[in-house]
Amino acid sequence: MSMIEFKDVEKYYGDFHALKDINLTIDAGETVVLIGPSGSGKSTLIRTVNGLEEIQEGQLLVDGFDLHDPKTDMNKIRKNVGMVFQHFNLYNNKTVLENIMLAPRLVLKRDEEENKQLAMALLERVGLADKANNRPSALSGGQKQRVAIARSLAMKPKCLLFDEPTSALDPEMIGDVLRVMKEIAEDSDMTMLVVTHEMGFAKAVADRVIFMADGQILEDSSTEQFFQEPSNERAKKFLSQVANH
Amino acid sequence: MTDFINALTQDNLSYLLQGLGITVAVSLLSIIISLILGSVVGIVMFEKIPYFSSLVGTLNNIVRNLPLLLIIFFSYFALPQIGIRLPVFWSTVVAMSFFEAAMLSEIIRGGLDAIDKGQFEGARSTGLSNRQTMTHIILPQAYKKMIPPLISQLISLVKDTSLASGVVLADLTFRGQVVYAQNSHFIVPVLIFMTFCYFIVNYLLSLLAKHLDRLLA
């Protein structure tokens with residue numbers, strides 16, 4: 001069953017054509033990594049999936065809902081589609097624990113005791129149980145991102161989107177975040193769509209790799225095939241450039 | 001010293017303190033109404049609803065650029081002409097609330113604009129509605145940023161109630177004038193007493209600001 005389905009999707013920012021003729025299907029349970037040079041539209045694409053960006057033409061089905069239909073209630077989709085951002089976007093006015101408990105309380109009306117237990121269990125899982133009562137401002141970037149992941153998981157989403165989750169982190173913080181993401185990919189049947197520059201992570205975790213440039217999908221292959229022999233010239237060039245670091 | 005004793009007799013003091021009571025009452029009512037109205041207008045301007053927000057913004061700009069005294073005159077002298085007759089106390093409250101709401105709304109819009117867009121996206125991405133996002137995430141953070149300019153504006157409001165003595169609202173300023181009109185020796189003692197009263201009220205407001213600041217920290 002497909003979780004995300006783009007059909008002939010076009011996206012414009014004014015005159016700028018940000019997404020061109022996107023056709024893409026991601027099945028439930030798949031882990032897909034989206035790579036490409038900056039400005040290629042990969043962040044725009046992932047942000048359309050939970051309605052943070054609108055599309056102008058085509059059809060975008062997420063979890064059976066048509067996102068281009070103005071009658072669709074975005075909050076229903078977002079309940080099932082979590083997102084982890086490059087800059088974490090934790091609530092500055094709430095403690096770590098409250099960051100995790102807020103949406104389940106307000107949106108899912110989860111029982112308070114159960115909510116707290118689950119939030120603490122998630123913090124345990126990302127290794128930050130001792131930070132439960134801290135404000136986000138007291139955490140390092142890597143810790144913030146792990147809290148943000150726990151916040152998304154608390155909604156028990158069917159699908160989790162990661163928009164360059166490690167790009168704003170110091171190198172020594174990246175490992176912890178990737179480890180948590182790997183565990184999620186391996187232990188759960190959640191659909192994951194990840195925009196990243198971490199090729200090691202892509203190789204280890206992804207079922208499929210999608211390469212984008214200039215708002216188009218240029219390659220959509222299995223992970224092995226992509227890293228061994230990409231068919232697209234620009235993908236080849238991109239891989240050789242990132243491999244040389 | 002004898003001037004002080006002669007000026008601030010028990011009768012005069014209680015007359016002046018009643019005026020202070022009216023000043024405080026007008027101020028408090030205007031603060032409450034203008035905070036509510038100003039929040040609504042500020043949020044409307046912030047939300048950028050097509051046409052509506054810019055219309056509200058333009059009207060707001062007009063009100064903000066008028067002298068308060070003109071608005072007080074308008075509500076006291078012009079409203080009765082169109083059939084709305086209010087006692088001077090209430091016509092002052094209406095004028096103050098109207099004018100201060102316009103001033104406060106810009107502070108509120110500015111405070112909301114200062115919140116990182118990521119806070120919205122973080123909240124919306126977990127399924128919170130627009131209203132839940134505003135009440136739980138955005139407004140608490142925005143109010144904290146707004147407290148210093150809000151309190152400055154509210155202190156201005158308290159002081160500006162004295163303008164209503166021009167439409168014979170029997171507030172502290174008006175009553176002060178009445179008392180020292182009896183005897184020119186009373187001018188200095190009465191003005192010093194009035195200074196003291198305004199200072200205390202506004203100092204309490206700034207203490208409240210400090211307290212709120214700590215509370216929201």
# chains A, B, ... in the order shown; residues from 1 in each chain; ligands from 1
>>> closest_atom_pairs(of="chain B", to="chain A", cutoff="10 Å", atoms="only C-alpha atoms", output="Markdown table")
| residue | atom | partner | partner_atom | distance |
| --- | --- | --- | --- | --- |
| B:Asp116 | CA | A:Asn89 | CA | 8.7 |
| B:Lys117 | CA | A:Asn89 | CA | 8.7 |
| B:Gly118 | CA | A:Asn89 | CA | 5.1 |
| B:Gln119 | CA | A:Asn89 | CA | 5.4 |
| B:Phe120 | CA | A:Asn89 | CA | 8.3 |
| B:Glu121 | CA | A:Leu52 | CA | 7.3 |
| B:Gly122 | CA | A:Asn89 | CA | 5.1 |
| B:Ala123 | CA | A:Tyr91 | CA | 7.9 |
| B:Arg124 | CA | A:Arg78 | CA | 7.5 |
| B:Ser125 | CA | A:Arg78 | CA | 5.7 |
| B:Thr126 | CA | A:Arg78 | CA | 5.9 |
| B:Gly127 | CA | A:Asn75 | CA | 4.7 |
| B:Leu128 | CA | A:Val107 | CA | 6.3 |
| B:Ser129 | CA | A:Asn75 | CA | 6.6 |
| B:Asn130 | CA | A:Asn75 | CA | 9.4 |
| B:Gln132 | CA | A:Leu106 | CA | 8.0 |
| B:Thr133 | CA | A:Ala103 | CA | 9.9 |
| B:His136 | CA | A:Leu102 | CA | 8.8 |
| B:Ile137 | CA | A:Tyr91 | CA | 6.6 |
| B:Ile138 | CA | A:Asn93 | CA | 8.9 |
| B:Pro140 | CA | A:Asn93 | CA | 7.3 |
| B:Gln141 | CA | A:Asn93 | CA | 6.3 |
| B:Lys144 | CA | A:Asn93 | CA | 9.8 |
| B:Leu216 | CA | A:Asn93 | CA | 8.4 |
| B:Ala217 | CA | A:Asn93 | CA | 8.1 |
>>> atom_distance(atom1="atom CA of Ile32 of chain B", atom2="atom CA of Ile155 of chain B")
13.4 Å
>>> closest_residue(among="A:Ile35, A:Thr223, A:Ile22, A:Val195", to="Arg208 of chain A", atoms="only C-alpha atoms")
A:Thr223
>>> select_by_dssp(residues="segment 100-220 of chain A", states="helix (DSSP H, G or I)", output="PyMOL selection string")
chain A and resi 100-106+112-125+129-131+136-138+141-153+171-187+199-205
>>> residues_around(residues="Ser167 of chain A", least_positions_apart="3", cutoff="8 Å", atoms="only C-alpha atoms", output="NGL selection string")
:A and (86 or 164 or 196-197)
>>> write_last_selection(atoms="N, CA, C and O atoms", output="PDB file, in the first residue's frame")
ATOM      1  N   GLN A  86      15.546  20.677  10.330  1.00  0.00           N
ATOM      2  CA  GLN A  86      16.976  20.977  10.413  1.00  0.00           C
ATOM      3  C   GLN A  86      17.298  21.760  11.691  1.00  0.00           C
ATOM      4  O   GLN A  86      18.279  21.493  12.362  1.00  0.00           O
ATOM      5  N   GLU A 164      16.850  17.292   6.531  1.00  0.00           N
ATOM      6  CA  GLU A 164      18.252  17.561   6.879  1.00  0.00           C
ATOM      7  C   GLU A 164      18.468  17.603   8.393  1.00  0.00           C
ATOM      8  O   GLU A 164      18.926  18.610   8.945  1.00  0.00           O
ATOM      9  N   THR A 196      18.965  14.142   3.371  1.00  0.00           N
ATOM     10  CA  THR A 196      20.224  14.174   4.110  1.00  0.00           C
ATOM     11  C   THR A 196      21.422  14.242   3.169  1.00  0.00           C
ATOM     12  O   THR A 196      21.305  13.964   1.976  1.00  0.00           O
ATOM     13  N   HIS A 197      22.550  14.635   3.734  1.00  0.00           N
ATOM     14  CA  HIS A 197      23.811  14.558   2.996  1.00  0.00           C
ATOM     15  C   HIS A 197      24.685  13.447   3.563  1.00  0.00           C
ATOM     16  O   HIS A 197      25.840  13.314   3.175  1.00  0.00           O
TER      17      HIS A 197
END
>>> atom_distance(atom1="atom CA of Lys236 of chain A", atom2="atom CA of Asp220 of chain A")
13.0 Å
>>> residues_around(residues="Gln117 of chain A", least_positions_apart="3", cutoff="12 Å", atoms="only C-alpha atoms", output="list in words")
Leu97, Ile100, Met101, Arg110, Asp111, Glu112, Glu113, Glu114, Met120, Ala121, Leu122, Leu123, Glu124, Ala129, Ala132 and Ala154 of chain A
>>> write_last_selection(atoms="N, CA and C atoms", output="compact mmCIF listing (two decimals), in the first residue's frame")
# COMPACT_ATOMS: atom_id res chain seq x y z
N LEU A 97 10.12 17.58 28.52
CA LEU A 97 9.02 16.64 28.71
C LEU A 97 7.71 17.21 28.13
N ILE A 100 7.29 17.03 24.45
CA ILE A 100 6.88 15.72 23.94
C ILE A 100 5.40 15.45 24.25
N MET A 101 4.94 15.92 25.42
CA MET A 101 3.59 15.57 25.86
C MET A 101 2.49 16.45 25.26
N ARG A 110 -4.66 11.95 24.79
CA ARG A 110 -4.12 10.78 25.48
C ARG A 110 -4.18 11.01 26.99
N ASP A 111 -4.49 9.94 27.71
CA ASP A 111 -4.56 9.98 29.17
C ASP A 111 -3.24 10.50 29.74
N GLU A 112 -3.33 11.43 30.72
CA GLU A 112 -2.15 12.15 31.21
C GLU A 112 -1.06 11.20 31.75
N GLU A 113 -1.48 10.21 32.51
CA GLU A 113 -0.50 9.29 33.11
C GLU A 113 0.22 8.49 32.02
N GLU A 114 -0.57 7.98 31.09
CA GLU A 114 -0.03 7.20 29.98
C GLU A 114 0.89 8.08 29.12
N MET A 120 8.40 9.65 28.82
CA MET A 120 9.64 9.29 29.53
C MET A 120 10.32 8.11 28.85
N ALA A 121 9.51 7.15 28.39
CA ALA A 121 10.09 5.99 27.70
C ALA A 121 10.82 6.44 26.43
N LEU A 122 10.22 7.40 25.73
CA LEU A 122 10.85 7.90 24.50
C LEU A 122 12.15 8.64 24.82
N LEU A 123 12.12 9.42 25.90
CA LEU A 123 13.34 10.14 26.29
C LEU A 123 14.44 9.14 26.67
N GLU A 124 14.03 8.07 27.33
CA GLU A 124 14.96 6.99 27.68
C GLU A 124 15.59 6.44 26.39
N ALA A 129 16.70 10.94 29.28
CA ALA A 129 15.72 10.95 30.37
C ALA A 129 16.11 11.95 31.45
N ALA A 132 14.64 15.67 31.16
CA ALA A 132 13.18 15.84 31.04
C ALA A 132 12.70 17.21 31.47
N ALA A 154 6.17 10.50 19.69
CA ALA A 154 5.11 10.45 20.70
C ALA A 154 3.72 10.42 20.06
>>> atom_distance(atom1="atom CA of Leu169 of chain A", atom2="atom CA of Gly142 of chain A")
6.3 Å
>>> closest_residue(among="B:Asn61, B:Ser206, B:Thr92, B:Ser75", to="Ser162 of chain B", atoms="only C-alpha atoms")
B:Thr92
>>> select_by_dssp(residues="segment 88-198 of chain A", states="strand (DSSP E)", output="number ranges by chain")
A: 159-163, 191-195
>>> residues_around(residues="Gln182 of chain B", least_positions_apart="5", cutoff="12 Å", atoms="only C-alpha atoms", output="ChimeraX atom specification")
/B:6-7,12,175-177,187,190
>>> residues_around(residues="Ile43 of chain B", least_positions_apart="2", cutoff="8 Å", atoms="only C-alpha atoms", output="mmCIF file with all heavy atoms, in the first residue's frame")
data_model
loop_
_atom_site.group_PDB
_atom_site.id
_atom_site.type_symbol
_atom_site.label_atom_id
_atom_site.label_comp_id
_atom_site.auth_asym_id
_atom_site.auth_seq_id
_atom_site.Cartn_x
_atom_site.Cartn_y
_atom_site.Cartn_z
ATOM 1 N N SER B 39 -5.071 42.997 21.300
ATOM 2 C CA SER B 39 -4.625 41.642 20.952
ATOM 3 C C SER B 39 -5.336 41.168 19.695
ATOM 4 O O SER B 39 -4.719 40.610 18.787
ATOM 5 C CB SER B 39 -4.917 40.660 22.093
ATOM 6 O OG SER B 39 -4.140 40.991 23.217
ATOM 7 N N VAL B 40 -6.650 41.395 19.652
ATOM 8 C CA VAL B 40 -7.420 40.959 18.482
ATOM 9 C C VAL B 40 -6.890 41.651 17.218
ATOM 10 O O VAL B 40 -6.582 40.999 16.219
ATOM 11 C CB VAL B 40 -8.927 41.250 18.670
ATOM 12 C CG1 VAL B 40 -9.687 40.977 17.382
ATOM 13 C CG2 VAL B 40 -9.485 40.409 19.807
ATOM 14 N N VAL B 41 -6.761 42.982 17.296
ATOM 15 C CA VAL B 41 -6.295 43.734 16.122
ATOM 16 C C VAL B 41 -4.867 43.318 15.757
ATOM 17 O O VAL B 41 -4.544 43.108 14.585
ATOM 18 C CB VAL B 41 -6.371 45.261 16.386
ATOM 19 C CG1 VAL B 41 -5.742 46.041 15.251
ATOM 20 C CG2 VAL B 41 -7.810 45.688 16.583
ATOM 21 N N MET B 45 -3.675 41.668 12.225
ATOM 22 C CA MET B 45 -2.621 42.228 11.366
ATOM 23 C C MET B 45 -1.512 41.213 11.131
ATOM 24 O O MET B 45 -0.946 41.119 10.056
ATOM 25 C CB MET B 45 -2.053 43.508 11.997
ATOM 26 C CG MET B 45 -3.042 44.652 11.971
ATOM 27 S SD MET B 45 -2.273 46.249 12.289
ATOM 28 C CE MET B 45 -1.784 46.062 13.991
ATOM 29 N N PHE B 46 -1.237 40.408 12.179
ATOM 30 C CA PHE B 46 -0.175 39.411 12.069
ATOM 31 C C PHE B 46 -0.554 38.279 11.111
ATOM 32 O O PHE B 46 0.270 37.800 10.342
ATOM 33 C CB PHE B 46 0.132 38.840 13.459
ATOM 34 C CG PHE B 46 0.988 37.626 13.437
ATOM 35 C CD1 PHE B 46 2.352 37.737 13.198
ATOM 36 C CD2 PHE B 46 0.454 36.363 13.641
ATOM 37 C CE1 PHE B 46 3.146 36.618 13.162
ATOM 38 C CE2 PHE B 46 1.240 35.243 13.603
ATOM 39 C CZ PHE B 46 2.592 35.373 13.367
ATOM 40 N N GLU B 47 -1.820 37.863 11.134
ATOM 41 C CA GLU B 47 -2.250 36.701 10.349
ATOM 42 C C GLU B 47 -2.301 36.985 8.848
ATOM 43 O O GLU B 47 -2.424 36.077 8.044
ATOM 44 C CB GLU B 47 -3.626 36.199 10.824
ATOM 45 C CG GLU B 47 -3.624 35.585 12.216
ATOM 46 C CD GLU B 47 -3.230 34.113 12.200
ATOM 47 O OE1 GLU B 47 -2.909 33.592 11.126
ATOM 48 O OE2 GLU B 47 -3.252 33.501 13.285
ATOM 49 N N SER B 105 -1.753 47.231 19.700
ATOM 50 C CA SER B 105 -1.829 46.222 18.641
ATOM 51 C C SER B 105 -0.536 46.175 17.835
ATOM 52 O O SER B 105 -0.100 45.100 17.419
ATOM 53 C CB SER B 105 -3.011 46.505 17.717
ATOM 54 O OG SER B 105 -2.787 47.706 17.008
ATOM 55 N N ILE B 108 1.877 44.230 19.838
ATOM 56 C CA ILE B 108 1.536 42.800 19.826
ATOM 57 C C ILE B 108 1.893 42.167 18.479
ATOM 58 O O ILE B 108 2.487 41.094 18.416
ATOM 59 C CB ILE B 108 0.051 42.607 20.193
ATOM 60 C CG1 ILE B 108 -0.108 42.882 21.694
ATOM 61 C CG2 ILE B 108 -0.441 41.214 19.832
ATOM 62 C CD1 ILE B 108 -1.497 43.167 22.162
ATOM 63 N N ARG B 109 1.576 42.873 17.392
ATOM 64 C CA ARG B 109 1.949 42.354 16.073
ATOM 65 C C ARG B 109 3.466 42.207 15.978
ATOM 66 O O ARG B 109 3.974 41.197 15.497
ATOM 67 C CB ARG B 109 1.448 43.288 14.971
ATOM 68 C CG ARG B 109 1.684 42.760 13.569
ATOM 69 C CD ARG B 109 1.563 43.857 12.529
ATOM 70 N NE ARG B 109 2.460 44.974 12.792
ATOM 71 C CZ ARG B 109 3.762 44.969 12.571
ATOM 72 N NH1 ARG B 109 4.334 43.914 12.049
ATOM 73 N NH2 ARG B 109 4.498 46.023 12.864
ATOM 74 N N LEU B 112 4.633 39.181 17.888
ATOM 75 C CA LEU B 112 4.324 37.931 17.174
ATOM 76 C C LEU B 112 5.283 37.740 16.004
ATOM 77 O O LEU B 112 5.762 36.626 15.759
ATOM 78 C CB LEU B 112 2.877 37.960 16.669
ATOM 79 C CG LEU B 112 1.800 37.839 17.744
ATOM 80 C CD1 LEU B 112 0.425 38.126 17.170
ATOM 81 C CD2 LEU B 112 1.829 36.446 18.352
#
>>> residues_around(residues="segment 26-29 of chain A", least_positions_apart="4", cutoff="9 Å", atoms="only C-alpha atoms", output="PyMOL selection string")
chain A and resi 1-6+63+158-159+185+188-193
